[in-house]
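So this block is start_28.cif, mmCIF, C-alpha atoms:
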data_entry
loop_
_atom_site.label_atom_id
_atom_site.label_comp_id
_atom_site.auth_asym_id
_atom_site.auth_seq_id
_atom_site.Cartn_x
_atom_site.Cartn_y
_atom_site.Cartn_z
CA MET B 1 -1.32 -1.29 -35.26
CA LYS B 2 -2.28 -4.38 -37.28
CA LEU B 3 -0.33 -6.55 -34.85
CA TRP B 4 -2.37 -5.25 -31.89
CA ILE B 5 -5.65 -5.76 -33.75
CA SER B 6 -4.68 -9.34 -34.56
CA LEU B 7 -3.71 -10.00 -30.91
CA ILE B 8 -7.00 -8.79 -29.42
CA PRO B 9 -9.00 -11.99 -30.21
CA THR B 10 -6.21 -14.15 -28.80
CA LEU B 11 -6.06 -12.13 -25.59
CA LEU B 12 -9.85 -12.23 -25.19
CA LEU B 13 -9.88 -16.00 -25.72
CA ALA B 14 -7.16 -16.46 -23.10
CA ALA B 15 -9.06 -14.27 -20.63
CA CYS B 16 -12.24 -16.32 -21.14
CA ALA B 17 -10.36 -19.57 -20.62
CA SER B 18 -8.94 -18.35 -17.32
CA TYR B 19 -12.37 -17.10 -16.21
CA SER B 20 -14.10 -20.50 -16.39
CA GLY B 21 -11.18 -22.91 -16.62
CA SER B 22 -12.23 -24.07 -20.07
CA GLY B 23 -9.52 -26.13 -21.68
CA LEU B 24 -8.61 -27.91 -18.44
CA ALA B 25 -9.06 -31.62 -19.09
CA PRO B 26 -10.80 -33.73 -16.43
CA GLY B 27 -8.70 -36.75 -15.55
CA SER B 28 -5.40 -35.15 -16.48
CA ALA B 29 -5.30 -31.53 -15.17
CA ARG B 30 -3.96 -31.13 -11.63
CA LEU B 31 -4.17 -28.44 -8.95
CA ALA B 32 -1.17 -26.55 -10.35
CA ASP B 33 -2.83 -26.50 -13.80
CA VAL B 34 -6.10 -25.20 -12.34
CA GLN B 35 -4.36 -22.45 -10.39
CA ALA B 36 -2.19 -21.49 -13.35
CA ARG B 37 -5.32 -21.10 -15.49
CA MET B 38 -7.85 -19.75 -12.96
CA GLY B 39 -5.68 -18.17 -10.26
CA PRO B 40 -5.88 -18.73 -6.52
CA PRO B 41 -9.29 -19.88 -5.24
CA ALA B 42 -11.37 -17.75 -2.89
CA MET B 43 -12.12 -20.80 -0.75
CA ARG B 44 -10.72 -24.30 -0.42
CA TRP B 45 -11.98 -27.43 1.34
CA GLN B 46 -10.08 -30.67 1.91
CA ASP B 47 -12.20 -33.81 2.38
CA ALA B 48 -11.26 -36.80 4.52
CA ASP B 49 -10.69 -38.94 1.41
CA GLY B 50 -8.07 -36.48 0.10
CA SER B 51 -10.32 -34.85 -2.50
CA VAL B 52 -10.30 -31.04 -2.76
CA GLN B 53 -12.99 -28.51 -3.60
CA LEU B 54 -12.09 -24.99 -4.76
CA ALA B 55 -14.44 -21.99 -5.13
CA TYR B 56 -13.85 -19.38 -7.84
CA PRO B 57 -16.43 -16.57 -7.53
CA ARG B 58 -16.32 -14.26 -10.54
CA GLY B 59 -18.30 -11.39 -9.01
CA PRO B 60 -19.23 -8.87 -8.01
CA LEU B 61 -19.61 -7.91 -11.68
CA GLY B 62 -19.58 -11.51 -12.91
CA PHE B 63 -22.53 -13.86 -12.75
CA HIS B 64 -20.70 -17.09 -11.99
CA THR B 65 -19.03 -19.06 -9.24
CA TYR B 66 -17.10 -22.09 -10.45
CA MET B 67 -16.64 -25.04 -8.12
CA VAL B 68 -13.61 -27.10 -9.02
CA ARG B 69 -13.36 -30.66 -7.71
CA LEU B 70 -10.12 -32.60 -7.60
CA GLY B 71 -10.14 -36.30 -6.72
CA PRO B 72 -8.01 -38.00 -4.08
CA ASP B 73 -5.46 -38.64 -6.84
CA GLY B 74 -5.11 -34.86 -7.34
CA ARG B 75 -6.66 -34.92 -10.82
CA LEU B 76 -9.45 -32.62 -11.98
CA GLN B 77 -12.89 -34.22 -11.77
CA SER B 78 -15.15 -31.29 -12.69
CA ILE B 79 -15.60 -27.54 -13.04
CA VAL B 80 -19.20 -26.39 -12.60
CA ASN B 81 -20.88 -22.99 -12.42
CA VAL B 82 -22.99 -23.26 -9.26
CA LEU B 83 -24.87 -19.96 -9.49
CA ASP B 84 -27.97 -21.44 -11.06
CA GLU B 85 -31.47 -22.32 -9.94
CA ASP B 86 -30.67 -26.05 -9.63
CA SER B 87 -27.96 -25.32 -7.06
CA PHE B 88 -30.13 -22.76 -5.28
CA ALA B 89 -32.93 -25.32 -4.93
CA ARG B 90 -30.58 -27.46 -2.80
CA VAL B 91 -30.22 -24.69 -0.19
CA ARG B 92 -32.70 -25.67 2.51
CA ALA B 93 -33.91 -24.34 5.84
CA GLY B 94 -31.69 -25.64 8.63
CA MET B 95 -28.46 -25.78 6.56
CA THR B 96 -25.34 -24.30 8.13
CA LYS B 97 -23.39 -21.40 6.64
CA ASP B 98 -20.52 -23.77 5.80
CA LYS B 99 -22.83 -26.08 3.83
CA VAL B 100 -24.18 -23.11 1.88
CA LEU B 101 -20.62 -21.94 1.15
CA ARG B 102 -19.63 -25.41 -0.08
CA LEU B 103 -22.70 -25.58 -2.28
CA ILE B 104 -22.64 -22.13 -3.95
CA GLY B 105 -19.48 -20.40 -2.76
CA PRO B 106 -18.99 -17.08 -0.99
CA PRO B 107 -21.61 -14.32 -1.31
CA ASP B 108 -20.92 -10.79 -2.45
CA PRO B 109 -19.48 -9.27 0.76
CA SER B 110 -20.65 -5.79 -0.20
CA ARG B 111 -24.25 -7.03 -0.34
CA SER B 112 -24.44 -8.95 2.96
CA VAL B 113 -26.70 -7.31 5.52
CA TYR B 114 -27.48 -7.95 9.18
CA PHE B 115 -31.00 -7.12 10.49
CA LYS B 116 -30.70 -6.63 14.24
CA ALA B 117 -34.45 -6.60 14.99
CA ARG B 118 -34.81 -10.09 13.47
CA ASP B 119 -31.31 -11.32 14.33
CA GLU B 120 -31.13 -12.21 10.65
CA LEU B 121 -28.18 -12.22 8.27
CA ALA B 122 -28.80 -11.90 4.53
CA TRP B 123 -26.21 -13.19 2.06
CA GLU B 124 -26.61 -12.34 -1.62
CA TRP B 125 -25.30 -13.72 -4.93
CA HIS B 126 -25.56 -12.04 -8.33
CA PHE B 127 -26.50 -14.45 -11.18
CA ARG B 128 -28.34 -14.80 -14.49
CA GLU B 129 -31.66 -16.61 -14.30
CA VAL B 130 -32.76 -19.13 -16.95
CA TYR B 131 -33.92 -16.41 -19.37
CA GLY B 132 -30.61 -14.53 -19.08
CA ASN B 133 -31.88 -11.70 -16.89
CA ALA B 134 -29.76 -10.42 -14.03
CA ALA B 135 -31.10 -11.56 -10.68
CA ARG B 136 -30.14 -11.97 -7.04
CA PHE B 137 -30.29 -15.08 -4.88
CA VAL B 138 -30.66 -14.29 -1.18
CA VAL B 139 -30.19 -16.64 1.76
CA LEU B 140 -31.59 -15.49 5.09
CA PHE B 141 -29.87 -16.97 8.17
CA ASP B 142 -30.84 -17.05 11.81
CA SER B 143 -27.73 -15.16 12.80
CA SER B 144 -27.41 -16.59 16.33
CA ALA B 145 -27.90 -20.20 15.26
CA GLY B 146 -26.01 -19.80 11.96
CA ILE B 147 -28.60 -21.76 10.00
CA VAL B 148 -30.75 -20.99 6.95
CA ARG B 149 -34.24 -19.66 7.61
CA SER B 150 -35.32 -19.13 4.01
CA THR B 151 -34.21 -18.15 0.49
CA LEU B 152 -35.54 -15.96 -2.27
CA ILE B 153 -34.76 -14.92 -5.84
CA LEU B 154 -35.28 -11.29 -6.83
CA PRO B 155 -34.85 -9.33 -10.06
CA GLU B 156 -31.58 -7.39 -10.08
CA ASN B 157 -33.29 -4.00 -9.97
CA TYR B 158 -35.65 -4.86 -7.08
CA PRO B 159 -34.71 -2.55 -4.16
CA VAL B 160 -34.61 -4.50 -0.92
CA TRP B 161 -31.70 -3.60 1.34
CA GLY B 162 -31.26 0.00 0.27
CA PHE B 163 -28.64 -0.79 -2.39
CA ARG B 164 -28.79 0.94 -5.75
#

Mind turning this structure into structure tokens?
Amino acid sequence: MKLWISLIPTLLLAACASYSGSGLAPGSARLADVQARMGPPAMRWQDADGSVQLAYPRGPLGFHTYMVRLGPDGRLQSIVNVLDEDSFARVRAGMTKDKVLRLIGPPDPSRSVYFKARDELAWEWHFREVYGNAARFVVLFDSSAGIVRSTLILPENYPVWGFR
């Protein structure tokens, strides 16, 4: 029993490291290291210069999406949580769905809603606002054109789409 109790902190620390990729050293870690620590990404983009961007959403119960950037040399450049108000402020009217995905990663698929009367698609992300409260970031798209119409931030318990 004492052995199990002494192993619990070690296991929790390892789980946290794999959640956010902490411990991966920029400049030396490579794709294989990232995937060994964080698992397979939900999305992956390859740029013309050979650099790679990986998305690691930690929802629907988590409040983070980590964007991992690897340079053309295959080495880790950065790991950043993009579910924050600074990233959300960069989502602008007229942006395509792909640009939104590259900026803040995939939305919670269970909380995406299509409004036929407005031909509008709502994508939603679960996050913690600056004071630590649970909140939702919503992007409203013109569904036919596939571009952003507007965005909003709502408290987690605010009933909008009939969830909860």

Exercise. With all atoms listed in the file as the atoms that count, which of B:Pro72, B:Val138, B:Asp49, B:Leu61 lies nearest to Leu152 of chain B?
Worked result: B:Val138

Exercise. So, counting all atoms listed in the file, which residue among B:Ser18, B:Thr65, B:Ser143, B:Asn157 is closest to Thr96 of chain B?
Worked result: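 Counting all atoms listed in the file, the residue closest to Thr96 of chain B is B:Ser143.
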
For this session: Determine the residue membership of the PyMOL selection byres ((chain B and resi 98) around 12) for the file above and supply it as number ranges by chain.
Result: B: 43-45, 91, 94-97, 99-107, 141, 146-148

Problem set entry | Resolved residues for the PyMOL selection byres ((chain B and resi 137) around 10) as a list in words |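 So the PyMOL selection byres ((chain B and resi 137) around 10), applied here, picks out Leu83, Asp84, Glu85, Phe88, Pro107, Trp123, Glu124, Trp125, His126, Phe127, Arg128, Glu129, Ala135, Arg136, Val138, Val139, Thr151, Leu152, Ile153, Leu154, Pro155 and Glu156 of chain B.
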
For this session: Please write as number ranges by chain the full residue list that the PyMOL selection byres ((chain B and resi 40) around 12) yields on this file.
Result: B: 18-19, 31-39, 41-44, 54-57, 68

Exercise. Please, what distance in Å, to one decimal, runs between atom CA of Arg58 of chain B and atom CA of Leu24 of chain B?
Worked result: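 Between atom CA of Arg58 of chain B and atom CA of Leu24 of chain B the gap works out to 17.6 Å.
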
For this session: Between atom CA of Gln53 of chain B and atom CA of Gly132 of chain B, measure the distance and give it in Å to one decimal.
Result: 27.3 Å

Problem set entry | For atom CA of Gly59 of chain B and atom CA of Ala89 of chain B, the interatomic separation in Å (one decimal) |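 Those two atoms sit 20.6 Å apart.
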
Problem set entry | Pick from B:Asp119, B:Pro109, B:Arg30, B:Tyr158, whichever lies nearest to Leu140 of chain B using all atoms listed in the file |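 Of B:Asp119, B:Pro109, B:Arg30, B:Tyr158, the one nearest Leu140 of chain B, counting all atoms listed in the file, is B:Asp119.
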